[in-house]
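Undergrad: Pasting upload.cif here (mmCIF, C-alpha atoms):
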```cif
data_data
#
loop_
_atom_site.label_atom_id
_atom_site.label_comp_id
_atom_site.auth_asym_id
_atom_site.auth_seq_id
_atom_site.Cartn_x
_atom_site.Cartn_y
_atom_site.Cartn_z
CA MET A 1 23.60 22.29 10.03
CA PHE A 2 20.16 20.67 10.04
CA TYR A 3 21.02 18.46 13.01
CA GLY A 4 21.49 21.45 15.30
CA LEU A 5 18.44 23.28 13.98
CA ALA A 6 16.27 20.19 14.46
CA GLY A 7 17.59 19.85 18.01
CA LYS A 8 16.57 23.45 18.79
CA LEU A 9 13.10 23.03 17.25
CA VAL A 10 12.16 19.74 18.93
CA PRO A 11 11.42 21.09 22.45
CA TRP A 12 9.30 23.94 21.02
CA PHE A 13 7.13 21.66 18.92
CA ALA A 14 6.89 19.09 21.72
CA ALA A 15 5.77 21.80 24.19
CA ALA A 16 3.28 23.19 21.66
CA ALA A 17 1.90 19.69 21.11
CA ALA A 18 1.49 19.10 24.85
CA VAL A 19 -0.29 22.45 25.43
CA LEU A 20 -2.52 22.08 22.37
CA PHE A 21 -3.44 18.49 23.28
CA ALA A 22 -4.42 19.63 26.79
CA VAL A 23 -6.48 22.60 25.52
CA GLY A 24 -8.05 20.61 22.66
CA LEU A 25 -9.05 17.70 24.87
CA TYR A 26 -10.44 20.09 27.51
CA ILE A 27 -12.62 21.95 24.99
CA GLY A 28 -13.56 18.69 23.32
CA PHE A 29 -14.62 16.85 26.45
CA PHE A 30 -15.91 19.60 28.77
CA VAL A 31 -16.84 22.71 26.76
CA ALA A 32 -18.27 21.33 23.52
CA PRO A 33 -21.99 20.52 23.82
CA THR A 34 -23.48 17.06 23.49
CA ASP A 35 -24.44 16.11 19.92
CA ALA A 36 -28.17 15.96 19.20
CA VAL A 37 -28.05 12.65 17.30
CA GLN A 38 -24.91 10.88 18.47
CA SER A 39 -24.95 12.02 22.16
CA GLU A 40 -21.61 11.74 24.01
CA ALA A 41 -19.97 9.15 21.79
CA TYR A 42 -19.35 11.68 19.02
CA ARG A 43 -16.53 13.20 21.10
CA ILE A 44 -14.09 10.64 19.73
CA ILE A 45 -14.01 12.64 16.49
CA PHE A 46 -11.65 15.06 18.24
CA ILE A 47 -9.05 12.32 18.02
CA HIS A 48 -10.36 10.43 15.00
CA VAL A 49 -10.59 13.25 12.48
CA PRO A 50 -7.19 14.93 13.12
CA THR A 51 -5.33 11.60 13.09
CA SER A 52 -7.01 10.44 9.89
CA ILE A 53 -6.30 13.75 8.13
CA LEU A 54 -2.67 13.55 9.19
CA SER A 55 -2.36 9.86 8.30
CA MET A 56 -3.07 10.78 4.67
CA PHE A 57 -1.17 14.04 4.72
CA ILE A 58 1.97 12.49 6.23
CA TYR A 59 1.93 9.82 3.52
CA LEU A 60 1.90 12.50 0.84
CA VAL A 61 4.70 14.44 2.57
CA MET A 62 6.66 11.20 2.95
CA ALA A 63 6.18 10.32 -0.73
CA GLY A 64 7.18 13.88 -1.63
CA TYR A 65 10.40 13.69 0.39
CA ALA A 66 11.05 10.22 -1.03
CA ALA A 67 10.63 11.54 -4.58
CA LEU A 68 12.99 14.44 -3.85
CA GLY A 69 15.54 11.99 -2.47
CA LEU A 70 15.17 9.73 -5.50
CA ILE A 71 15.37 12.48 -8.12
CA PHE A 72 17.96 14.86 -6.66
CA ASN A 73 19.86 12.30 -4.58
CA THR A 74 19.59 14.48 -1.47
CA ARG A 75 20.32 12.38 1.58
CA LEU A 76 18.36 14.51 4.04
CA SER A 77 15.04 14.13 2.18
CA SER A 78 15.37 10.35 2.22
CA MET A 79 16.09 10.48 5.95
CA MET A 80 13.02 12.68 6.47
CA ALA A 81 10.87 10.17 4.56
CA THR A 82 12.18 7.35 6.74
CA ALA A 83 11.58 9.39 9.89
CA LEU A 84 7.99 10.26 8.90
CA ALA A 85 6.86 6.67 8.27
CA PRO A 86 6.44 5.42 11.88
CA THR A 87 4.48 8.53 12.93
CA GLY A 88 2.22 8.14 9.90
CA ALA A 89 1.66 4.48 10.65
CA LEU A 90 0.83 5.38 14.27
CA PHE A 91 -1.75 7.98 13.20
CA THR A 92 -3.30 5.54 10.72
CA PHE A 93 -3.59 2.94 13.46
CA ILE A 94 -5.13 5.42 15.91
CA ALA A 95 -7.60 6.59 13.24
CA LEU A 96 -8.69 2.99 12.59
CA TRP A 97 -8.87 2.18 16.28
CA THR A 98 -10.89 5.25 17.31
CA GLY A 99 -13.09 4.63 14.27
CA ALA A 100 -13.81 1.13 15.54
CA LEU A 101 -14.61 2.45 19.03
CA TRP A 102 -17.00 4.97 17.50
CA GLY A 103 -18.51 2.46 15.08
CA LYS A 104 -19.58 0.05 17.82
CA PRO A 105 -22.20 2.33 19.47
CA MET A 106 -23.13 4.15 16.21
CA TRP A 107 -23.24 1.47 13.52
CA GLY A 108 -23.45 -1.50 15.91
CA ALA A 109 -20.27 -3.06 14.55
CA TRP A 110 -16.57 -2.67 15.28
CA TRP A 111 -15.69 -2.96 11.63
CA VAL A 112 -17.61 -2.50 8.39
CA TRP A 113 -16.17 -3.26 4.95
CA ASP A 114 -16.84 0.24 3.77
CA ALA A 115 -14.76 1.89 1.05
CA ARG A 116 -13.09 4.42 3.33
CA LEU A 117 -12.31 1.92 6.09
CA THR A 118 -10.82 -0.50 3.59
CA SER A 119 -8.68 2.11 1.88
CA GLU A 120 -7.45 3.44 5.24
CA LEU A 121 -6.48 -0.12 6.15
CA ILE A 122 -4.57 -0.37 2.86
CA LEU A 123 -2.79 2.84 3.85
CA LEU A 124 -1.65 1.16 7.07
CA PHE A 125 -0.35 -1.80 5.03
CA LEU A 126 1.49 0.61 2.73
CA TYR A 127 3.20 2.27 5.70
CA LEU A 128 4.16 -1.13 7.12
CA GLY A 129 5.45 -2.24 3.70
CA PHE A 130 7.56 0.92 3.43
CA ILE A 131 9.03 0.41 6.92
CA SER A 132 9.75 -3.29 6.45
CA LEU A 133 11.27 -2.86 2.99
CA HIS A 134 13.53 -0.14 4.37
CA ALA A 135 14.45 -2.31 7.36
CA SER A 136 15.30 -5.40 5.33
CA ILE A 137 17.81 -3.76 2.98
CA GLU A 138 21.18 -3.39 4.64
CA ASP A 139 22.75 -0.76 2.40
CA PRO A 140 21.09 2.54 3.46
CA ARG A 141 21.40 4.12 0.00
CA ARG A 142 19.65 1.24 -1.72
CA ALA A 143 17.09 1.05 1.10
CA ASP A 144 16.26 4.75 0.67
CA ARG A 145 15.82 4.48 -3.07
CA ALA A 146 13.84 1.22 -3.07
CA ALA A 147 11.50 2.42 -0.30
CA ALA A 148 11.11 5.76 -2.09
CA LEU A 149 9.90 4.03 -5.25
CA LEU A 150 7.41 2.01 -3.20
CA ALA A 151 6.15 5.15 -1.44
CA ILE A 152 5.57 6.91 -4.77
CA VAL A 153 3.71 3.92 -6.23
CA GLY A 154 1.60 3.68 -3.06
CA SER A 155 0.61 7.36 -3.08
CA VAL A 156 -2.00 6.42 -5.72
CA ASN A 157 -4.07 5.24 -2.75
CA VAL A 158 -4.31 8.59 -0.91
CA PRO A 159 -6.75 10.33 -3.29
CA ILE A 160 -8.80 7.11 -3.32
CA ILE A 161 -9.21 7.32 0.47
CA TYR A 162 -9.97 11.01 0.39
CA PHE A 163 -12.69 10.73 -2.26
CA SER A 164 -13.94 7.26 -1.26
CA VAL A 165 -16.88 8.71 0.66
CA LYS A 166 -18.02 10.73 -2.35
CA TRP A 167 -17.37 8.09 -5.00
CA TRP A 168 -18.94 5.10 -3.34
CA ASN A 169 -21.38 6.86 -1.00
CA THR A 170 -21.20 4.09 1.60
CA LEU A 171 -21.74 3.97 5.36
CA HIS A 172 -18.94 6.32 6.44
CA GLN A 173 -20.30 9.85 6.63
CA GLY A 174 -19.02 12.70 4.49
CA ALA A 175 -17.19 15.80 5.67
CA THR A 176 -19.16 18.27 7.78
CA ILE A 177 -16.67 21.10 7.48
CA LYS A 178 -16.38 22.33 3.91
CA PHE A 179 -14.76 25.37 2.37
CA THR A 180 -18.22 26.76 1.74
CA GLY A 181 -19.17 26.80 5.43
CA THR A 182 -20.20 24.32 8.07
CA SER A 183 -23.12 23.26 10.20
CA MET A 184 -20.85 22.58 13.16
CA GLN A 185 -21.15 24.25 16.55
CA ILE A 186 -18.34 26.73 17.29
CA ALA A 187 -16.86 24.99 20.37
CA MET A 188 -16.70 21.71 18.46
CA GLN A 189 -14.84 23.48 15.66
CA GLN A 190 -12.38 25.03 18.10
CA ALA A 191 -11.70 21.65 19.72
CA LEU A 192 -11.25 19.99 16.33
CA PHE A 193 -8.82 22.57 14.98
CA THR A 194 -6.84 22.69 18.26
CA MET A 195 -6.49 18.91 18.17
CA LEU A 196 -5.44 19.08 14.51
CA LEU A 197 -2.73 21.59 15.36
CA ALA A 198 -1.69 19.45 18.34
CA CYS A 199 -1.29 16.34 16.16
CA TRP A 200 0.59 18.43 13.64
CA ALA A 201 3.04 19.71 16.27
CA TYR A 202 3.43 16.20 17.68
CA ALA A 203 4.19 14.78 14.22
CA ILE A 204 6.81 17.47 13.54
CA ALA A 205 8.45 17.03 16.95
CA MET A 206 8.63 13.23 16.63
CA THR A 207 9.90 13.36 13.05
CA LEU A 208 12.65 15.82 13.88
CA LEU A 209 13.66 13.75 16.91
CA ARG A 210 13.79 10.62 14.76
CA VAL A 211 15.65 12.27 11.90
CA ARG A 212 18.29 13.43 14.39
CA SER A 213 18.89 9.85 15.46
CA ILE A 214 19.03 8.71 11.83
CA ILE A 215 21.58 11.42 10.99
CA LEU A 216 23.72 10.42 13.98
CA GLU A 217 23.53 6.75 13.03
CA ARG A 218 24.47 7.27 9.39
CA GLU A 219 27.17 9.88 10.00
CA ARG A 220 28.70 8.13 13.00
CA ASN A 221 32.10 7.90 11.32
CA THR A 222 32.39 11.58 10.43
CA GLN A 223 34.42 14.14 12.32
CA TRP A 224 31.58 16.53 13.13
CA VAL A 225 29.62 13.80 14.89
CA GLN A 226 32.68 12.83 16.90
CA ASP A 227 33.05 16.47 17.95
CA LEU A 228 29.45 16.80 19.20
CA PRO A 229 29.31 17.38 22.97
CA GLU A 230 26.60 14.72 23.47
CA VAL A 231 28.67 12.13 21.59
CA ARG A 232 31.96 12.88 23.33
CA SER A 233 30.62 12.67 26.86
CA MET B 1 9.61 -5.03 -30.65
CA SER B 2 11.95 -7.84 -31.69
CA LEU B 3 13.52 -7.53 -28.24
CA LEU B 4 10.11 -8.09 -26.65
CA VAL B 5 9.49 -11.24 -28.70
CA LEU B 6 13.00 -12.47 -27.99
CA VAL B 7 12.65 -12.09 -24.22
CA VAL B 8 9.23 -13.74 -24.19
CA GLN B 9 10.53 -16.67 -26.26
CA ARG B 10 13.56 -17.11 -24.03
CA ASP B 11 11.58 -17.04 -20.78
CA LEU B 12 8.94 -19.42 -22.14
CA LEU B 13 11.67 -21.82 -23.25
CA LEU B 14 13.22 -21.68 -19.78
CA ALA B 15 9.81 -22.33 -18.23
CA VAL B 16 9.23 -25.34 -20.48
CA ARG B 17 12.59 -26.76 -19.47
CA ARG B 18 11.66 -26.34 -15.79
CA ARG B 19 8.10 -27.61 -15.83
CA ALA B 20 7.94 -28.38 -12.10
CA ASP B 21 7.94 -24.68 -11.16
CA VAL B 22 4.89 -23.95 -13.29
CA LEU B 23 3.02 -26.98 -12.03
CA THR B 24 3.64 -26.10 -8.37
CA THR B 25 1.82 -22.80 -8.78
CA LEU B 26 -1.12 -24.50 -10.49
CA ILE B 27 -1.42 -27.25 -7.92
CA PHE B 28 -1.25 -24.65 -5.15
CA PHE B 29 -4.12 -22.76 -6.80
CA ILE B 30 -6.28 -25.89 -7.11
CA MET B 31 -5.53 -26.93 -3.54
CA VAL B 32 -6.36 -23.57 -1.95
CA VAL B 33 -9.66 -23.40 -3.82
CA SER B 34 -10.51 -26.99 -2.89
CA LEU B 35 -9.79 -26.35 0.78
CA PHE B 36 -12.65 -23.87 1.17
CA PRO B 37 -15.57 -26.27 0.73
CA LEU B 38 -13.86 -28.58 3.22
CA GLY B 39 -13.37 -25.72 5.65
CA VAL B 40 -16.77 -24.02 5.56
CA GLY B 41 -19.01 -26.98 4.71
CA PRO B 42 -20.58 -28.14 1.43
CA GLU B 43 -23.81 -26.07 1.34
CA PRO B 44 -24.39 -25.20 -2.34
CA VAL B 45 -25.99 -21.77 -1.73
CA MET B 46 -23.12 -20.53 0.41
CA LEU B 47 -20.50 -21.99 -1.92
CA ARG B 48 -22.10 -20.34 -4.94
CA ASN B 49 -21.90 -16.94 -3.23
CA MET B 50 -18.35 -17.48 -2.04
CA ALA B 51 -16.97 -18.80 -5.32
CA PRO B 52 -15.79 -15.57 -7.02
CA GLY B 53 -14.00 -14.39 -3.88
CA VAL B 54 -12.36 -17.73 -3.23
CA VAL B 55 -11.13 -18.17 -6.81
CA TRP B 56 -9.82 -14.60 -6.93
CA VAL B 57 -8.02 -14.77 -3.58
CA ALA B 58 -6.48 -18.11 -4.54
CA ALA B 59 -5.34 -16.65 -7.88
CA LEU B 60 -3.83 -13.69 -6.04
CA LEU B 61 -1.92 -15.95 -3.63
CA ALA B 62 -0.78 -18.27 -6.43
CA SER B 63 0.59 -15.36 -8.43
CA MET B 64 2.45 -14.12 -5.32
CA LEU B 65 4.02 -17.56 -5.02
CA SER B 66 5.58 -17.38 -8.47
CA LEU B 67 6.79 -13.77 -8.25
CA GLY B 68 10.09 -14.71 -6.69
CA ARG B 69 11.09 -16.52 -9.87
CA MET B 70 10.54 -13.58 -12.18
CA PHE B 71 14.00 -12.07 -11.79
CA SER B 72 15.86 -14.19 -9.24
CA ALA B 73 17.33 -16.85 -11.58
CA ASP B 74 18.60 -14.17 -13.98
CA TYR B 75 19.94 -12.20 -11.04
CA GLN B 76 21.86 -15.14 -9.63
CA ASP B 77 23.59 -16.20 -12.85
CA GLY B 78 24.38 -12.61 -13.86
CA THR B 79 22.09 -12.47 -16.91
CA LEU B 80 20.15 -9.58 -15.41
CA GLU B 81 23.28 -7.47 -15.18
CA GLN B 82 23.88 -8.02 -18.90
CA MET B 83 20.25 -7.14 -19.60
CA LEU B 84 20.69 -3.75 -17.89
CA LEU B 85 23.56 -3.02 -20.29
CA VAL B 86 21.49 -3.70 -23.41
CA PRO B 87 21.21 -0.55 -25.56
CA GLN B 88 17.46 -1.11 -26.14
CA SER B 89 14.87 0.13 -23.66
CA LEU B 90 14.93 -1.70 -20.34
CA SER B 91 11.18 -1.09 -19.91
CA MET B 92 10.50 -3.10 -23.08
CA LEU B 93 12.66 -5.93 -21.83
CA VAL B 94 10.87 -5.90 -18.48
CA LEU B 95 7.52 -5.93 -20.28
CA GLY B 96 8.67 -9.06 -22.11
CA LYS B 97 9.57 -10.75 -18.84
CA ILE B 98 6.21 -9.77 -17.32
CA LEU B 99 4.33 -11.14 -20.35
CA ALA B 100 6.22 -14.42 -20.19
CA HIS B 101 5.58 -14.65 -16.44
CA TRP B 102 1.86 -14.10 -17.03
CA MET B 103 1.69 -16.73 -19.78
CA VAL B 104 3.37 -19.23 -17.50
CA SER B 105 1.66 -18.52 -14.17
CA GLY B 106 -1.39 -16.35 -14.91
CA LEU B 107 -2.92 -17.82 -18.06
CA PRO B 108 -3.13 -21.40 -16.71
CA LEU B 109 -5.07 -20.07 -13.71
CA VAL B 110 -7.53 -18.35 -16.04
CA LEU B 111 -8.02 -21.55 -18.03
CA LEU B 112 -8.48 -23.65 -14.89
CA ALA B 113 -10.88 -21.26 -13.16
CA PRO B 114 -14.08 -22.49 -14.91
CA VAL B 115 -13.41 -26.05 -13.78
CA LEU B 116 -12.95 -24.89 -10.20
CA GLY B 117 -16.03 -22.68 -10.51
CA LEU B 118 -18.06 -25.78 -11.37
CA GLN B 119 -16.93 -27.30 -8.07
CA PHE B 120 -18.69 -24.35 -6.44
CA ASP B 121 -21.84 -24.82 -8.51
CA MET B 122 -21.51 -21.50 -10.37
CA THR B 123 -23.85 -20.65 -13.25
CA GLY B 124 -22.70 -20.45 -16.87
CA GLN B 125 -22.85 -16.67 -17.12
CA GLY B 126 -21.10 -16.28 -13.76
CA LEU B 127 -18.29 -18.52 -14.99
CA GLY B 128 -17.96 -16.50 -18.19
CA VAL B 129 -17.60 -13.22 -16.30
CA LEU B 130 -15.21 -14.82 -13.81
CA VAL B 131 -12.92 -15.94 -16.64
CA LEU B 132 -13.19 -12.58 -18.39
CA GLY B 133 -12.33 -10.78 -15.15
CA LEU B 134 -9.38 -13.07 -14.47
CA LEU B 135 -8.19 -12.58 -18.05
CA LEU B 136 -8.11 -8.82 -17.48
CA GLY B 137 -6.94 -8.99 -13.87
CA THR B 138 -4.14 -11.56 -13.73
CA PRO B 139 -1.84 -9.54 -16.07
CA ILE B 140 -2.23 -6.60 -13.65
CA LEU B 141 -1.20 -8.89 -10.78
CA SER B 142 1.92 -9.91 -12.71
CA MET B 143 2.75 -6.27 -13.51
CA ILE B 144 2.32 -4.94 -9.96
CA GLY B 145 4.11 -8.02 -8.69
CA ALA B 146 7.06 -7.27 -10.96
CA ILE B 147 7.66 -4.01 -9.08
CA GLY B 148 7.74 -5.86 -5.78
CA ALA B 149 9.95 -8.62 -7.18
CA ALA B 150 12.40 -6.07 -8.54
CA LEU B 151 12.53 -4.10 -5.28
CA THR B 152 13.20 -7.17 -3.12
CA LEU B 153 15.75 -8.71 -5.48
CA GLY B 154 18.41 -10.62 -3.60
CA LEU B 155 17.11 -9.83 -0.11
CA ARG B 156 16.87 -12.42 2.62
CA GLY B 157 13.24 -13.21 3.40
CA GLY B 158 12.29 -11.62 0.08
CA GLY B 159 9.40 -14.01 -0.53
CA VAL B 160 7.33 -12.86 2.45
CA LEU B 161 8.32 -9.25 1.98
CA VAL B 162 7.18 -9.23 -1.63
CA SER B 163 3.68 -10.30 -0.56
CA LEU B 164 3.62 -7.57 2.08
CA LEU B 165 4.49 -4.94 -0.53
CA VAL B 166 2.37 -6.19 -3.42
CA LEU B 167 -0.86 -7.45 -1.82
CA PRO B 168 -2.14 -4.02 -0.66
CA LEU B 169 -1.64 -2.66 -4.18
CA CYS B 170 -3.55 -5.62 -5.66
CA ILE B 171 -6.69 -5.07 -3.57
CA PRO B 172 -8.47 -2.88 -6.19
CA VAL B 173 -8.08 -5.66 -8.78
CA LEU B 174 -9.58 -8.14 -6.34
CA ILE B 175 -12.51 -5.82 -5.55
CA PHE B 176 -13.44 -5.16 -9.18
CA GLY B 177 -12.88 -8.76 -10.25
CA THR B 178 -15.15 -10.24 -7.58
CA GLY B 179 -17.55 -7.31 -7.96
CA ALA B 180 -18.20 -8.24 -11.59
CA VAL B 181 -19.15 -11.84 -10.75
CA GLU B 182 -21.27 -10.77 -7.79
CA ALA B 183 -23.10 -8.34 -10.08
CA VAL B 184 -23.99 -11.26 -12.38
CA ILE B 185 -25.17 -13.35 -9.43
CA SER B 186 -27.41 -10.55 -8.13
CA GLY B 187 -28.65 -9.80 -11.64
CA ILE B 188 -27.27 -6.32 -12.30
CA SER B 189 -24.93 -5.13 -15.04
CA TYR B 190 -21.36 -6.30 -14.66
CA SER B 191 -19.85 -4.10 -17.37
CA ALA B 192 -18.82 -1.29 -14.99
CA ASN B 193 -16.55 -3.56 -12.97
CA LEU B 194 -15.00 -5.13 -16.07
CA LEU B 195 -14.43 -1.72 -17.65
CA LEU B 196 -12.68 -0.52 -14.48
CA LEU B 197 -10.50 -3.63 -14.59
CA ALA B 198 -9.67 -2.90 -18.24
CA ALA B 199 -8.80 0.68 -17.30
CA LEU B 200 -6.49 -0.58 -14.54
CA LEU B 201 -4.89 -2.95 -17.05
CA VAL B 202 -4.15 -0.10 -19.47
CA LEU B 203 -2.75 2.09 -16.69
CA ALA B 204 -0.59 -0.75 -15.39
CA LEU B 205 0.62 -1.55 -18.91
CA VAL B 206 1.83 2.03 -19.34
CA PHE B 207 3.44 2.65 -15.96
CA THR B 208 4.56 -0.59 -14.33
CA PRO B 209 7.26 -1.70 -16.83
CA TRP B 210 8.96 1.66 -16.42
CA VAL B 211 8.68 1.62 -12.61
CA THR B 212 9.98 -1.98 -12.56
CA ALA B 213 12.93 -0.96 -14.74
CA GLN B 214 13.77 1.82 -12.25
CA ALA B 215 13.44 -0.63 -9.36
CA LEU B 216 15.82 -3.06 -11.10
CA ARG B 217 18.36 -0.26 -11.60
CA ILE B 218 18.12 0.59 -7.87
CA SER B 219 18.52 -3.06 -6.85
CA MET B 220 21.43 -3.76 -9.17
CA GLU B 221 23.64 -0.73 -8.59
#
```
Would you kindly transcribe this structure into structure tokens?
TA:
Amino acid sequence: MFYGLAGKLVPWFAAAAAVLFAVGLYIGFFVAPTDAVQSEAYRIIFIHVPTSILSMFIYLVMAGYAALGLIFNTRLSSMMATALAPTGALFTFIALWTGALWGKPMWGAWWVWDARLTSELILLFLYLGFISLHASIEDPRRADRAAALLAIVGSVNVPIIYFSVKWWNTLHQGATIKFTGTSMQIAMQQALFTMLLACWAYAIAMTLLRVRSIILERERNTQWVQDLPEVRS
Amino acid sequence: MSLLVLVVQRDLLLAVRRRADVLTTLIFFIMVVSLFPLGVGPEPVMLRNMAPGVVWVAALLASMLSLGRMFSADYQDGTLEQMLLVPQSLSMLVLGKILAHWMVSGLPLVLLAPVLGLQFDMTGQGLGVLVLGLLLGTPILSMIGAIGAALTLGLRGGGVLVSLLVLPLCIPVLIFGTGAVEAVISGISYSANLLLLAALLVLALVFTPWVTAQALRISME
């Protein structure tokens, strides 16, 4: 049963997230050298970049699960989509917030109406719309299906965010790390990838934890939930 | 095709019988636009630069206001349930309802926009592009709005929720629509923005009636 498996996996992913966060932040703040142009303030990218990547990626995963739930009527995929949404919204918010903190010393403004910033903000609105639509429909089956449709319609936005820097060529800088190689210093890369893995592990741990609660809530009248040791005690 | 015409005729007839609903949206649009010069001061240069944005945002809000009516009356008296049982394509029927909704609450805004633009001291060419942009853009607002209206059918607090769902999806329309007028004001070609709007219109025309039909099925089961 998925409930039991998720329960076994949660501590592992949570521990991995904690260790990776510690290592990533240590490399990022103490080992990685100071940037030639942006001095110390660049270090916020170790939080900004992983959270923004995941904010988009989680939306796609959420829309994917939602589509599976809508097409094949599988209850678990709809629950996974619901469980992913708050973590995605959190990452989107952190990405916007750290971006603002970085933008103040670099661009001289907390917020610029640049294509990528705007589309990331729309992504946050889409997450909030998904969560509030799901919350305002009482019947969980209808809520799953309605929110799933919204998530699929909204996923049009993700490629727009991803390519916004290339298409509009505005203030937000392009990617430094490309598949064809990078100009980045090795310790910076290590910190960035460790933080990315850390965010990944955190997202998985939180989602599994949340999906367990959702399963318990929806299946509260079934026999197997009544028989669980944590429910009986 | 005959189904489409039938639905449009029926909804227009209903709208004519209930004229107050249509007028409320229009008056709201005029009021919101007229509030801006009072709020930011009557300097002609600033007003001229603000005009496209103000008219577009007001049109967006006014079309949100009327979305609730698109399906709710039919839902309450049970007509919508009968419509789902019709052997013809539900997407076609939905398209008819969207068209009627646009004729009642989108087209009047387009026709009124030049008058309001004059209040903001806009130039003749700017007004022309504003109207052209609204003509292409307001149907998209109705179509995207239909998805939101169908998803929130019969929910408490549906009116606010529908804005929360639909407004983020409408932002591209707003950007291209105001972009076209700003291009005229700053003297560069506006055709790119209008062509993008037209492309959005075609895409919306193909996909949104079908998505709305699915949303209605979900809400009605």
Undergrad: Select residues of chain A: the criterion is any atom within 9 Å of an atom of chain B, counting only C-alpha atoms; output as a ChimeraX atom specification.
TA: /A:121-123,125-126,128-130,132-133,136-138,142,145-147,149-150,153-154,157
Undergrad: Take the residues that were just selected and, keeping C-alpha atoms, output them as a compact mmCIF listing (two decimals), in the coordinates of the input.
TA:
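Okay, again.txt is ready:
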```
# COMPACT_ATOMS: atom_id res chain seq x y z
CA LEU A 121 -6.48 -0.12 6.15
CA ILE A 122 -4.57 -0.37 2.86
CA LEU A 123 -2.79 2.84 3.85
CA PHE A 125 -0.35 -1.80 5.03
CA LEU A 126 1.49 0.61 2.73
CA LEU A 128 4.16 -1.13 7.12
CA GLY A 129 5.45 -2.24 3.70
CA PHE A 130 7.56 0.92 3.43
CA SER A 132 9.75 -3.29 6.45
CA LEU A 133 11.27 -2.86 2.99
CA SER A 136 15.30 -5.40 5.33
CA ILE A 137 17.81 -3.76 2.98
CA GLU A 138 21.18 -3.39 4.64
CA ARG A 142 19.65 1.24 -1.72
CA ARG A 145 15.82 4.48 -3.07
CA ALA A 146 13.84 1.22 -3.07
CA ALA A 147 11.50 2.42 -0.30
CA LEU A 149 9.90 4.03 -5.25
CA LEU A 150 7.41 2.01 -3.20
CA VAL A 153 3.71 3.92 -6.23
CA GLY A 154 1.60 3.68 -3.06
CA ASN A 157 -4.07 5.24 -2.75
```
Undergrad: Using the chain letters and numbers from this file, what does the PyMOL selection byres ((chain B and resi 48) around 9) select? Give the answer as a PyMOL selection string.
TA: chain B and resi 43-47+49-52+117+120-123+185
Undergrad: Output C-alpha atoms for every residue in that selection, as a PDB file, in the coordinates of the input.
TA:
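As a result, again-v4.pdb now contains:
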```pdb
ATOM      1  CA  GLU B  43     -23.810 -26.070   1.340  1.00  0.00           C
ATOM      2  CA  PRO B  44     -24.390 -25.200  -2.340  1.00  0.00           C
ATOM      3  CA  VAL B  45     -25.990 -21.770  -1.730  1.00  0.00           C
ATOM      4  CA  MET B  46     -23.120 -20.530   0.410  1.00  0.00           C
ATOM      5  CA  LEU B  47     -20.500 -21.990  -1.920  1.00  0.00           C
ATOM      6  CA  ASN B  49     -21.900 -16.940  -3.230  1.00  0.00           C
ATOM      7  CA  MET B  50     -18.350 -17.480  -2.040  1.00  0.00           C
ATOM      8  CA  ALA B  51     -16.970 -18.800  -5.320  1.00  0.00           C
ATOM      9  CA  PRO B  52     -15.790 -15.570  -7.020  1.00  0.00           C
ATOM     10  CA  GLY B 117     -16.030 -22.680 -10.510  1.00  0.00           C
ATOM     11  CA  PHE B 120     -18.690 -24.350  -6.440  1.00  0.00           C
ATOM     12  CA  ASP B 121     -21.840 -24.820  -8.510  1.00  0.00           C
ATOM     13  CA  MET B 122     -21.510 -21.500 -10.370  1.00  0.00           C
ATOM     14  CA  THR B 123     -23.850 -20.650 -13.250  1.00  0.00           C
ATOM     15  CA  ILE B 185     -25.170 -13.350  -9.430  1.00  0.00           C
TER      16      ILE B 185
END
```
Undergrad: Tell me which protein, DNA and RNA residues are within 10 Å of Leu205 in chain B, counting all atoms listed in the file, leaving out same-chain ones fewer than 5 positions away, and put them as a list in words.
TA: Leu95, Pro139, Ile140, Met143, Ile144, Ala199, Leu200 and Trp210 of chain B
Undergrad: What would the file look like if the residues just selected were written as an mmCIF file, keeping the file's coordinate frame with C-alpha atoms?
TA:
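Contents of the output file selection-v1.cif:
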```cif
data_model
loop_
_atom_site.group_PDB
_atom_site.id
_atom_site.type_symbol
_atom_site.label_atom_id
_atom_site.label_comp_id
_atom_site.auth_asym_id
_atom_site.auth_seq_id
_atom_site.Cartn_x
_atom_site.Cartn_y
_atom_site.Cartn_z
ATOM 1 C CA LEU B 95 7.520 -5.930 -20.280
ATOM 2 C CA PRO B 139 -1.840 -9.540 -16.070
ATOM 3 C CA ILE B 140 -2.230 -6.600 -13.650
ATOM 4 C CA MET B 143 2.750 -6.270 -13.510
ATOM 5 C CA ILE B 144 2.320 -4.940 -9.960
ATOM 6 C CA ALA B 199 -8.800 0.680 -17.300
ATOM 7 C CA LEU B 200 -6.490 -0.580 -14.540
ATOM 8 C CA TRP B 210 8.960 1.660 -16.420
#
```
Undergrad: Would you compute the distance between CA of Tyr42 in chain A and CA of Ala187 in chain A? Give it in Å to one decimal.
TA: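 Computing it gives 13.6 Å between the two atoms.
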Undergrad: Go ahead and compute the interatomic distance for CA of Asp227 in chain A and CA of Val211 in chain A, in Å to one decimal.
TA: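 Atom-to-atom, CA of Asp227 in chain A to CA of Val211 in chain A, that is 18.9 Å.
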Undergrad: If we count all atoms listed in the file and set the cut-off at 8 Å, which residues sit around Met62 in chain A, ignoring sequence neighbours fewer than 2 positions away in its own chain? Please answer as a PyMOL selection string.
TA: chain A and resi 58-60+64-66+80-82+84-85+151
Undergrad: Find the distance between CA of Gly159 in chain B and CA of Ser72 in chain B and write it in Å to one decimal.
TA: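 We find that CA of Gly159 in chain B and CA of Ser72 in chain B lie 10.8 Å from each other.
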Undergrad: Which residue out of A:Leu117, A:Met79, A:Phe193, A:Ile186 has the minimum interatomic distance to Ile160 in chain A when all atoms listed in the file are used?
TA: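 Of A:Leu117, A:Met79, A:Phe193, A:Ile186, the one nearest Ile160 in chain A, counting all atoms listed in the file, is A:Leu117.
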